[in-house]
$ cat structure36.txt   # compact mmCIF, C-alpha atoms
# COMPACT_ATOMS: atom_id res chain seq x y z
CA MET B 207 0.00 0.00 0.00
CA ASN B 208 1.46 3.34 -0.91
CA LYS B 209 2.57 5.93 1.60
CA GLU B 210 0.34 8.68 0.28
CA LEU B 211 -2.81 6.62 0.79
CA GLU B 212 -1.71 5.77 4.34
CA HIS B 213 -1.09 9.40 5.12
CA GLN B 214 -4.40 10.49 3.62
CA PHE B 215 -6.30 7.84 5.55
CA VAL B 216 -4.66 8.48 8.92
CA THR B 217 -5.17 12.23 8.58
CA GLU B 218 -8.86 11.83 7.76
CA LEU B 219 -9.39 9.37 10.59
CA GLU B 220 -7.52 11.63 13.01
CA ASN B 221 -9.83 14.49 12.10
CA ASN B 222 -12.96 12.36 12.40
CA GLN B 223 -11.94 10.13 15.29
CA ASN B 224 -14.77 11.41 17.49
CA ILE B 225 -17.27 9.31 15.56
CA VAL B 226 -15.34 6.14 16.34
CA HIS B 227 -14.82 7.11 19.99
CA LYS B 228 -18.54 7.66 20.42
CA VAL B 229 -19.34 4.25 18.97
CA CYS B 230 -16.76 2.67 21.28
CA THR B 231 -18.22 4.49 24.27
CA LEU B 232 -21.67 3.12 23.57
CA TYR B 233 -20.63 -0.44 22.86
CA THR B 234 -17.96 -1.10 25.47
CA ASN B 235 -17.76 -0.92 29.22
CA ASN B 236 -14.14 -0.29 30.01
CA ARG B 237 -11.05 1.46 28.72
CA ASP B 238 -9.34 -1.68 27.39
CA ALA B 239 -12.41 -2.72 25.47
CA HIS B 240 -12.81 0.82 24.15
CA LYS B 241 -9.27 0.73 22.81
CA ASP B 242 -9.73 -2.76 21.44
CA LEU B 243 -12.88 -1.83 19.53
CA PHE B 244 -11.30 1.41 18.30
CA GLN B 245 -8.46 -0.62 16.89
CA GLU B 246 -10.73 -3.13 15.18
CA ILE B 247 -12.76 -0.31 13.63
CA THR B 248 -9.55 1.34 12.42
CA ILE B 249 -8.45 -1.92 10.80
CA GLN B 250 -11.82 -2.36 9.11
CA LEU B 251 -11.84 1.27 7.94
CA TRP B 252 -8.37 0.87 6.52
CA LYS B 253 -9.30 -2.38 4.77
CA ALA B 254 -12.33 -0.74 3.18
CA TYR B 255 -10.56 2.52 2.38
CA PRO B 256 -9.43 1.60 -1.15
CA LYS B 257 -13.10 0.91 -1.97
CA PHE B 258 -14.18 4.29 -0.65
CA ARG B 259 -14.42 6.43 -3.74
CA GLY B 260 -15.54 9.66 -2.26
CA ASP B 261 -19.09 9.40 -3.60
CA SER B 262 -20.19 10.02 -0.04
CA LYS B 263 -18.57 12.04 2.70
CA PHE B 264 -15.73 10.37 4.59
CA SER B 265 -17.67 10.72 7.84
CA THR B 266 -20.87 9.16 6.40
CA TRP B 267 -18.84 6.19 5.31
CA MET B 268 -17.23 5.99 8.75
CA TYR B 269 -20.57 5.68 10.53
CA ARG B 270 -21.41 2.64 8.49
CA VAL B 271 -18.11 0.80 8.91
CA ALA B 272 -17.83 1.69 12.61
CA LEU B 273 -21.35 0.51 13.43
CA ASN B 274 -20.99 -2.62 11.32
CA THR B 275 -17.82 -3.48 13.17
CA ALA B 276 -19.37 -2.88 16.59
CA ILE B 277 -22.62 -4.72 15.85
CA THR B 278 -21.42 -7.57 13.69
CA LEU B 279 -17.70 -8.12 13.30
CA TYR B 280 -16.28 -7.34 16.69
CA ARG B 281 -15.53 -10.10 19.14
CA LYS B 282 -14.58 -9.19 22.65
CA SER B 283 -11.00 -10.14 23.24
CA LYS B 284 -10.18 -12.09 26.38
CA ARG B 285 -8.33 -9.36 28.14
CA THR B 286 -11.32 -7.05 28.16
CA ILE B 287 -13.25 -8.10 31.22
CA GLN B 288 -16.50 -6.27 31.67
CA THR B 289 -16.80 -4.04 34.63
CA GLN B 290 -20.18 -2.72 35.60
CA ASP B 291 -19.10 0.36 37.48
CA TYR B 292 -17.05 1.81 34.67
CA GLU B 293 -18.28 5.15 33.57
CA SER B 294 -16.71 6.48 30.47
CA VAL B 295 -15.52 10.06 30.23
CA ILE B 296 -18.40 10.97 28.03
CA PHE B 297 -20.92 10.31 30.78
CA LYS B 298 -19.19 12.51 33.27
CA ILE B 299 -21.11 15.70 33.48
CA LYS B 300 -19.52 18.84 34.72
CA ALA B 301 -21.36 20.04 37.79
CA ASP B 302 -21.43 23.65 36.74
CA GLU B 303 -22.95 22.93 33.35
CA TYR B 304 -26.37 21.83 34.49
CA ASP B 305 -28.69 22.08 37.40
CA ALA B 306 -28.86 19.04 39.61
CA THR B 307 -32.10 17.53 38.36
CA GLU B 308 -31.11 17.83 34.74
CA GLU B 309 -27.75 16.28 35.51
CA GLU B 310 -29.37 13.41 37.32
CA GLN B 311 -31.81 12.92 34.48
CA LEU B 312 -29.03 12.82 31.89
CA LYS B 313 -27.04 10.33 33.89
CA LEU B 314 -30.04 8.05 34.07
CA MET B 315 -30.66 8.48 30.36
CA TYR B 316 -27.11 7.49 29.44
CA LYS B 317 -27.33 4.50 31.72
CA ALA B 318 -30.61 3.45 30.12
CA VAL B 319 -29.17 3.78 26.61
CA LYS B 320 -26.23 1.59 27.61
CA GLN B 321 -28.67 -1.13 28.64
CA LEU B 322 -30.26 -1.33 25.19
CA GLY B 323 -29.51 -4.08 22.68
CA ASP B 324 -26.93 -3.61 19.90
CA ILE B 325 -29.42 -2.61 17.20
CA ASP B 326 -31.37 -0.26 19.46
CA LYS B 327 -28.13 1.39 20.47
CA ALA B 328 -27.22 1.93 16.83
CA LEU B 329 -30.54 3.66 16.22
CA VAL B 330 -30.20 5.88 19.25
CA PHE B 331 -26.62 6.68 18.31
CA LEU B 332 -27.57 7.79 14.80
CA TYR B 333 -30.48 9.74 16.24
CA LEU B 334 -28.22 11.52 18.72
CA GLU B 335 -25.83 12.27 15.87
CA ASP B 336 -28.71 14.10 14.22
CA LYS B 337 -29.10 11.68 11.33
CA ASN B 338 -32.50 11.66 9.66
CA TYR B 339 -34.60 8.53 9.29
CA ARG B 340 -33.52 8.02 5.70
CA GLU B 341 -29.87 7.88 6.73
CA ILE B 342 -30.69 5.64 9.69
CA SER B 343 -32.62 3.23 7.50
CA GLU B 344 -29.88 3.15 4.87
CA THR B 345 -27.17 2.46 7.42
CA LEU B 346 -29.01 -0.41 9.07
CA GLY B 347 -30.73 -1.85 6.01
CA ILE B 348 -34.31 -1.43 7.21
CA SER B 349 -37.11 0.63 5.71
CA GLU B 350 -37.67 4.22 6.78
CA VAL B 351 -41.07 3.35 8.21
CA ASN B 352 -39.57 0.54 10.25
CA ALA B 353 -36.83 2.83 11.50
CA ARG B 354 -39.50 5.20 12.83
CA VAL B 355 -41.50 2.37 14.38
CA LYS B 356 -38.35 1.02 15.99
CA MET B 357 -37.36 4.42 17.35
CA ASN B 358 -40.78 4.82 18.95
CA ARG B 359 -40.45 1.42 20.56
CA ILE B 360 -37.03 2.37 21.88
CA LYS B 361 -38.47 5.52 23.41
CA THR B 362 -41.07 3.42 25.19
CA LYS B 363 -38.37 1.01 26.28
CA LEU B 364 -36.23 3.84 27.64
CA ARG B 365 -39.23 5.18 29.52
CA THR B 366 -39.75 1.82 31.23
CA ILE B 367 -36.09 1.65 32.16
CA LEU B 368 -36.23 5.16 33.61
CA ASN B 369 -39.51 4.65 35.47
CA PRO B 370 -39.64 1.03 36.53
CA MET K 209 -39.82 11.37 26.84
CA MET K 210 -39.45 13.31 23.66
CA ASP K 211 -37.99 16.20 25.62
CA GLU K 212 -35.65 13.93 27.50
CA LEU K 213 -34.22 12.52 24.29
CA GLU K 214 -33.82 16.01 22.89
CA LEU K 215 -32.03 16.98 26.06
CA LEU K 216 -29.78 13.96 25.67
CA LYS K 217 -29.11 14.89 22.07
CA LYS K 218 -28.04 18.37 23.02
CA ASP K 219 -25.79 17.06 25.74
CA TRP K 220 -24.38 14.34 23.49
CA GLN K 221 -23.32 16.84 20.90
CA ASN K 222 -21.58 18.96 23.50
CA LYS K 223 -19.56 16.03 24.69
CA GLU K 224 -16.90 16.03 21.99
CA GLU K 225 -14.31 17.78 24.14
CA HIS K 226 -14.47 15.00 26.71
CA LEU K 227 -13.65 12.28 24.21
CA PRO K 228 -10.21 10.67 24.12
CA LYS K 229 -7.88 12.06 21.49
CA LEU K 230 -5.51 9.81 19.61
CA SER K 231 -2.49 11.20 17.83
CA TYR K 232 -1.56 10.64 14.21
CA ASN K 233 1.03 8.11 15.32
CA ASP K 234 -1.36 6.21 17.58
CA ILE K 235 -3.70 5.71 14.65
CA TYR K 236 -0.89 4.91 12.25
CA GLN K 237 0.32 2.10 14.54
CA MET K 238 -3.16 0.59 14.54
CA LEU K 239 -3.16 0.06 10.78
CA TRP K 240 -0.74 -2.81 11.13
CA LYS K 241 -2.43 -4.63 13.98
CA LYS K 242 -4.18 -7.90 13.29
CA SER K 243 -7.93 -7.98 13.00
CA SER K 244 -9.85 -10.30 15.29
CA SER K 245 -13.19 -9.98 13.57
CA ILE K 246 -15.59 -12.90 13.27
CA VAL K 247 -15.10 -12.90 9.50
CA LYS K 248 -11.45 -13.62 10.06
CA TRP K 249 -12.31 -16.43 12.47
CA ILE K 250 -14.71 -17.94 9.98
CA LEU K 251 -11.91 -17.92 7.42
CA ILE K 252 -9.43 -19.58 9.79
CA ILE K 253 -11.89 -22.25 10.95
CA SER K 254 -12.95 -22.93 7.38
CA ILE K 255 -9.40 -23.37 6.16
CA LEU K 256 -8.89 -25.89 8.96
CA GLU K 257 -12.09 -27.66 8.03
CA PHE K 258 -11.05 -27.90 4.41
CA THR K 259 -7.52 -29.10 5.11
CA ILE K 260 -7.69 -31.38 8.15
CA PRO K 261 -9.70 -34.22 6.53
CA HIS K 262 -7.30 -34.18 3.57
CA LEU K 263 -4.21 -34.18 5.74
CA LEU K 264 -5.51 -37.41 7.25
CA TYR K 265 -4.70 -39.20 4.01
CA LEU K 266 -1.05 -38.37 4.51
CA LEU K 267 -0.88 -40.40 7.71
CA PRO K 268 0.84 -43.76 7.05
CA GLY K 269 -1.93 -45.64 8.85
CA VAL K 270 -4.60 -44.18 6.65
CA SER K 271 -2.84 -44.84 3.35
CA LYS K 272 -2.22 -48.38 4.55
CA SER K 273 -5.93 -48.78 5.02
CA PHE K 274 -6.25 -48.61 1.24
CA GLU K 275 -4.57 -52.02 1.12
CA THR K 276 -7.22 -53.22 3.49
CA TYR K 277 -9.92 -51.76 1.25
CA GLU K 278 -8.43 -53.63 -1.68
CA LYS K 279 -8.54 -56.91 0.13
CA LEU K 280 -12.09 -56.25 1.18
CA GLY K 281 -13.00 -55.65 -2.47
CA VAL K 282 -14.13 -52.07 -1.98
CA LYS K 283 -11.05 -50.39 -3.44
CA ASP K 284 -12.61 -49.14 -6.66
CA ILE K 285 -15.59 -47.62 -4.99
CA SER K 286 -13.46 -45.94 -2.32
CA THR K 287 -11.11 -44.50 -4.95
CA ILE K 288 -14.07 -43.03 -6.80
CA ILE K 289 -15.38 -41.55 -3.55
CA TRP K 290 -11.93 -40.22 -2.79
CA ILE K 291 -11.49 -38.44 -6.15
CA GLY K 292 -15.09 -37.26 -6.12
CA GLY K 293 -14.48 -35.96 -2.63
CA TYR K 294 -11.66 -33.74 -3.83
CA LEU K 295 -13.76 -32.35 -6.65
CA VAL K 296 -16.60 -31.56 -4.28
CA ALA K 297 -14.17 -29.98 -1.79
CA LEU K 298 -12.75 -27.79 -4.57
CA TYR K 299 -16.23 -26.70 -5.51
CA PHE K 300 -16.97 -25.76 -1.89
CA ILE K 301 -13.68 -23.88 -1.56
CA TYR K 302 -14.49 -21.91 -4.70
CA GLN K 303 -17.99 -21.09 -3.45
CA PHE K 304 -16.65 -20.14 -0.05
CA TYR K 305 -13.98 -17.88 -1.51
CA ARG K 306 -16.49 -16.12 -3.77
CA ARG K 307 -18.89 -15.43 -0.90
CA TYR K 308 -16.11 -14.50 1.50
CA LYS K 309 -14.88 -11.90 -0.98
CA GLU K 310 -18.35 -10.34 -1.15
CA ILE K 311 -18.36 -9.52 2.56
CA SER K 312 -17.93 -5.78 2.88
CA THR K 313 -18.29 -3.41 5.80
CA LEU K 314 -19.52 -0.80 3.32
CA ASP K 315 -22.83 -2.62 2.99
CA ASN K 316 -25.65 -1.77 5.32
CA SER K 317 -25.82 -3.79 8.54
CA LYS K 318 -28.49 -6.19 7.38
CA LYS K 319 -26.81 -6.97 4.08
CA LEU K 320 -23.47 -7.50 5.81
CA MET K 321 -25.03 -9.96 8.23
CA GLU K 322 -26.75 -11.78 5.38
CA LYS K 323 -23.50 -12.16 3.48
CA ILE K 324 -21.70 -13.52 6.53
CA ILE K 325 -24.54 -15.96 7.17
CA ARG K 326 -24.43 -17.07 3.53
CA THR K 327 -20.67 -17.61 3.66
CA ARG K 328 -21.06 -19.58 6.82
CA ARG K 329 -23.84 -21.63 5.23
CA THR K 330 -21.37 -22.80 2.57
CA VAL K 331 -19.09 -24.11 5.30
CA LYS K 332 -22.04 -25.68 7.06
CA HIS K 333 -23.02 -27.58 3.93
CA TYR K 334 -19.44 -28.68 3.46
CA VAL K 335 -19.27 -30.00 7.02
CA ILE K 336 -22.57 -31.84 6.68
CA TYR K 337 -21.32 -33.29 3.40
CA SER K 338 -17.96 -34.34 4.92
CA LEU K 339 -19.59 -35.98 7.90
CA SER K 340 -22.02 -37.90 5.70
CA MET K 341 -19.13 -39.03 3.52
CA LEU K 342 -17.27 -40.21 6.58
CA PHE K 343 -20.33 -42.11 7.65
CA LEU K 344 -20.83 -43.51 4.16
CA THR K 345 -17.22 -44.69 3.99
CA CYS K 346 -17.65 -46.51 7.28
CA LEU K 347 -20.85 -48.03 5.95
CA ILE K 348 -19.14 -49.25 2.78
CA ILE K 349 -16.34 -50.81 4.82
CA MET K 350 -18.94 -52.51 6.97
CA VAL K 351 -20.69 -53.91 3.91
CA GLY K 352 -17.32 -55.07 2.60
CA ILE K 353 -16.57 -56.83 5.87
CA TYR K 354 -20.01 -58.36 5.95
CA LEU K 355 -19.66 -59.80 2.45
CA SER K 356 -16.04 -60.86 2.84
CA ASP K 357 -15.27 -64.54 3.30
CA ASN K 358 -11.70 -64.44 4.51
CA LEU K 359 -11.37 -61.51 6.84
CA THR K 360 -8.08 -62.69 8.25
CA ASP K 361 -6.43 -61.86 4.93
CA ALA K 362 -7.55 -58.26 5.17
CA PHE K 363 -6.73 -58.01 8.85
CA PRO K 364 -3.60 -60.12 9.42
CA ALA K 365 -3.27 -58.73 12.92
CA ALA K 366 -6.36 -60.65 13.96
CA ASN K 367 -4.65 -63.93 13.27
CA ASP K 368 -1.43 -63.65 15.24
CA GLY K 369 -0.57 -65.14 18.58
CA GLU K 370 -2.43 -67.83 20.41
CA ARG K 371 -5.73 -66.05 20.89
CA GLN K 372 -7.54 -67.49 17.92
CA ILE K 373 -11.05 -66.22 17.64
CA SER K 374 -13.66 -67.70 15.39
CA PRO K 375 -14.08 -65.78 12.08
CA GLU K 376 -17.78 -65.22 12.80
CA LYS K 377 -17.09 -63.68 16.14
CA PHE K 378 -14.30 -61.55 14.71
CA LYS K 379 -16.62 -60.34 11.97
CA SER K 380 -19.38 -59.30 14.32
CA VAL K 381 -16.99 -57.60 16.74
CA LEU K 382 -15.45 -55.71 13.83
CA LEU K 383 -18.81 -54.67 12.43
CA TRP K 384 -20.02 -53.45 15.78
CA SER K 385 -16.89 -51.53 16.62
CA ILE K 386 -16.76 -49.78 13.23
CA GLY K 387 -20.46 -48.99 13.49
CA VAL K 388 -20.13 -47.49 16.97
CA PHE K 389 -16.90 -45.72 16.05
CA SER K 390 -18.42 -44.06 12.99
CA ILE K 391 -21.47 -42.82 14.87
CA LEU K 392 -19.35 -41.46 17.73
CA MET K 393 -16.94 -39.82 15.33
CA VAL K 394 -19.70 -38.09 13.35
CA ALA K 395 -21.48 -36.97 16.53
CA PHE K 396 -18.24 -35.71 18.07
CA MET K 397 -17.09 -33.74 15.04
CA GLY K 398 -20.55 -32.39 14.38
CA GLY K 399 -20.84 -31.36 18.02
CA ILE K 400 -17.55 -29.45 17.96
CA TYR K 401 -18.52 -27.74 14.74
CA PHE K 402 -21.91 -26.52 15.87
CA LEU K 403 -20.59 -25.44 19.25
CA LEU K 404 -17.80 -23.45 17.63
CA TYR K 405 -20.06 -21.60 15.23
CA GLY K 406 -22.79 -21.27 17.79
CA LEU K 407 -20.44 -19.34 20.05
CA LEU K 408 -18.83 -17.36 17.26
CA LEU K 409 -22.06 -16.21 15.67
CA LYS K 410 -24.23 -15.81 18.75
CA LYS K 411 -24.15 -12.04 18.62
CA LEU K 412 -24.63 -11.88 14.87
CA ASN K 413 -27.62 -14.20 14.95
CA ARG K 414 -29.22 -12.25 17.76
CA ASN K 415 -28.80 -8.92 16.00
CA TYR K 416 -29.89 -10.32 12.65
CA LYS K 417 -33.08 -11.68 14.19
CA GLU K 418 -33.69 -8.28 15.73
CA LEU K 419 -33.43 -6.59 12.32
CA LYS K 420 -35.55 -9.26 10.65
CA ARG K 421 -38.24 -8.96 13.29
CA LEU K 422 -38.88 -5.39 12.16
CA GLU K 423 -40.06 -6.61 8.79
CA VAL K 424 -43.06 -8.52 10.04
$ encode --input "structure36.txt" --output "structure tokens"
Amino acid sequence: MNKELEHQFVTELENNQNIVHKVCTLYTNNRDAHKDLFQEITIQLWKAYPKFRGDSKFSTWMYRVALNTAITLYRKSKRTIQTQDYESVIFKIKADEYDATEEEQLKLMYKAVKQLGDIDKALVFLYLEDKNYREISETLGISEVNARVKMNRIKTKLRTILNP
Amino acid sequence: MMDELELLKKDWQNKEEHLPKLSYNDIYQMLWKKSSSIVKWILIISILEFTIPHLLYLLPGVSKSFETYEKLGVKDISTIIWIGGYLVALYFIYQFYRRYKEISTLDNSKKLMEKIIRTRRTVKHYVIYSLSMLFLTCLIIMVGIYLSDNLTDAFPAANDGERQISPEKFKSVLLWSIGVFSILMVAFMGGIYFLLYGLLLKKLNRNYKELKRLEV
């Protein structure tokens, strides 16, 4: 593989790494696993990179590969033992940013999202990333109507988790 | 709830500064690490499945058994099975390779899962085929033994020493042990295979079902 392609790829991934970190945060429970998944996604992105022809934005393409890796391809490696109490940096809310009730509410929301299944998480993730239903349905391979139906079910599910 | 999700969305999008930051070099190093994806595992397991049964023929004991086949009068039929077996294996390898190559992370999630399942199905068919061939071979040997008049020629070991056993008894013991052995062997190998894939594809199957369920 030529040097220029490597450089181009690493630069683009460096600039867009937040997308991958967010996926890792949702799908893993500790730092080792986060790193492990990040690495697997990077490998998969790199493998697919020659096929990426720029007909869509680099970031759009990243969402797809990253989610596919997290949902389908990734196997937890042995050294990543799940810990329940791990709270990733993203869930830490600065005290001065919000009032107490809102902060508490957000914490509960994040916790509830983490409890969802892999597919539900993917939907919520794309929703939080401000993707429309067309993009969500295209990424997951379901119809737009079904994406809406599913999202409504997830909202109900989240509500039950929050108010048992 | 609507408002809560909107609140979460707002918060989520403000979180970027709290995310870990990897340097150019960190990412560059990752390019050369080995993947441990399930697709890679399927490839490794499949290569083993395709090669192990064929490596068996290289064992001296197994090639010697061809002499036994000859004496039992089943040599021709086992040679045909053997050559046919290679042709079928080649066909499966070709099919597997074609489907494996089609797997792409650029597809949508559902399509990706379908392609992996289809690739795996090729291996599944190959394993079912191999196990039935193994069983069939044992069956043919059993028929050969059953029809054979002088077993002691085919199995000289049975005739040595003082412990002479009657040919009838030897025949029935042999038939029973081959019968039991073949069933155990097929059950054992089949068991390992389904356990292996069951574990490997547990997550994929669960998520695929979840996506499929939406269509009803």
$ interface_residues --input "structure36.txt" --of "chain K" --to "chain B" --cutoff "8 Å" --atoms "only C-alpha atoms" --output "PyMOL selection string"
chain K and resi 209-210+212+215-217+220-221+223-224+226-232+235-236+238-247+312-321+411-412+415+418-419+422-423
$ atom_distance --input "structure36.txt" --atom1 "atom CA of Val351 of chain K" --atom2 "atom CA of Ile289 of chain K"
15.4 Å
$ residues_near_point --input "structure36.txt" --point "(-20.6, -42.5, 13.1)" --cutoff "12 Å" --atoms "all atoms listed in the file" --output "tab-separated table (two decimals) with C-alpha atoms, in the frame of the given file"
chain	number	residue	atom	x	y	z
K	338	SER	CA	-17.96	-34.34	4.92
K	339	LEU	CA	-19.59	-35.98	7.90
K	340	SER	CA	-22.02	-37.90	5.70
K	341	MET	CA	-19.13	-39.03	3.52
K	342	LEU	CA	-17.27	-40.21	6.58
K	343	PHE	CA	-20.33	-42.11	7.65
K	344	LEU	CA	-20.83	-43.51	4.16
K	345	THR	CA	-17.22	-44.69	3.99
K	346	CYS	CA	-17.65	-46.51	7.28
K	347	LEU	CA	-20.85	-48.03	5.95
K	350	MET	CA	-18.94	-52.51	6.97
K	384	TRP	CA	-20.02	-53.45	15.78
K	385	SER	CA	-16.89	-51.53	16.62
K	386	ILE	CA	-16.76	-49.78	13.23
K	387	GLY	CA	-20.46	-48.99	13.49
K	388	VAL	CA	-20.13	-47.49	16.97
K	389	PHE	CA	-16.90	-45.72	16.05
K	390	SER	CA	-18.42	-44.06	12.99
K	391	ILE	CA	-21.47	-42.82	14.87
K	392	LEU	CA	-19.35	-41.46	17.73
K	393	MET	CA	-16.94	-39.82	15.33
K	394	VAL	CA	-19.70	-38.09	13.35
K	395	ALA	CA	-21.48	-36.97	16.53
K	396	PHE	CA	-18.24	-35.71	18.07
K	397	MET	CA	-17.09	-33.74	15.04
K	398	GLY	CA	-20.55	-32.39	14.38
$ atom_distance --input "structure36.txt" --atom1 "atom CA of Phe264 of chain B" --atom2 "atom CA of Thr234 of chain B"
23.9 Å
$ closest_residue --input "structure36.txt" --among "B:Leu332, B:Asn338, B:Val226, B:Lys317" --to "Glu350 of chain B" --atoms "all atoms listed in the file"
B:Asn338
$ atom_distance --input "structure36.txt" --atom1 "atom CA of Leu251 of chain K" --atom2 "atom CA of Phe304 of chain K"
9.1 Å
$ residues_around --input "structure36.txt" --residues "Lys363 of chain B" --least-positions-apart "6" --cutoff "10 Å" --atoms "all atoms listed in the file" --output "list of chain:residue names"
B:Ala318, B:Val319, B:Leu322, B:Asp326, B:Met357, B:Asn369
$ axis_aligned_box --input "structure36.txt" --around "segment 339-344 of chain B" --padding-each-side "5 Å" --output "lines of an AutoDock Vina configuration file"
center_x = -32.2
center_y = 5.8
center_z = 7.3
size_x = 14.7
size_y = 15.4
size_z = 14.8
$ residues_near_point --input "structure36.txt" --point "(-16.9, -14.6, 3.2)" --cutoff "9 Å" --atoms "only C-alpha atoms" --output "number ranges by chain"
K: 247-248, 250-251, 304-312, 323-328
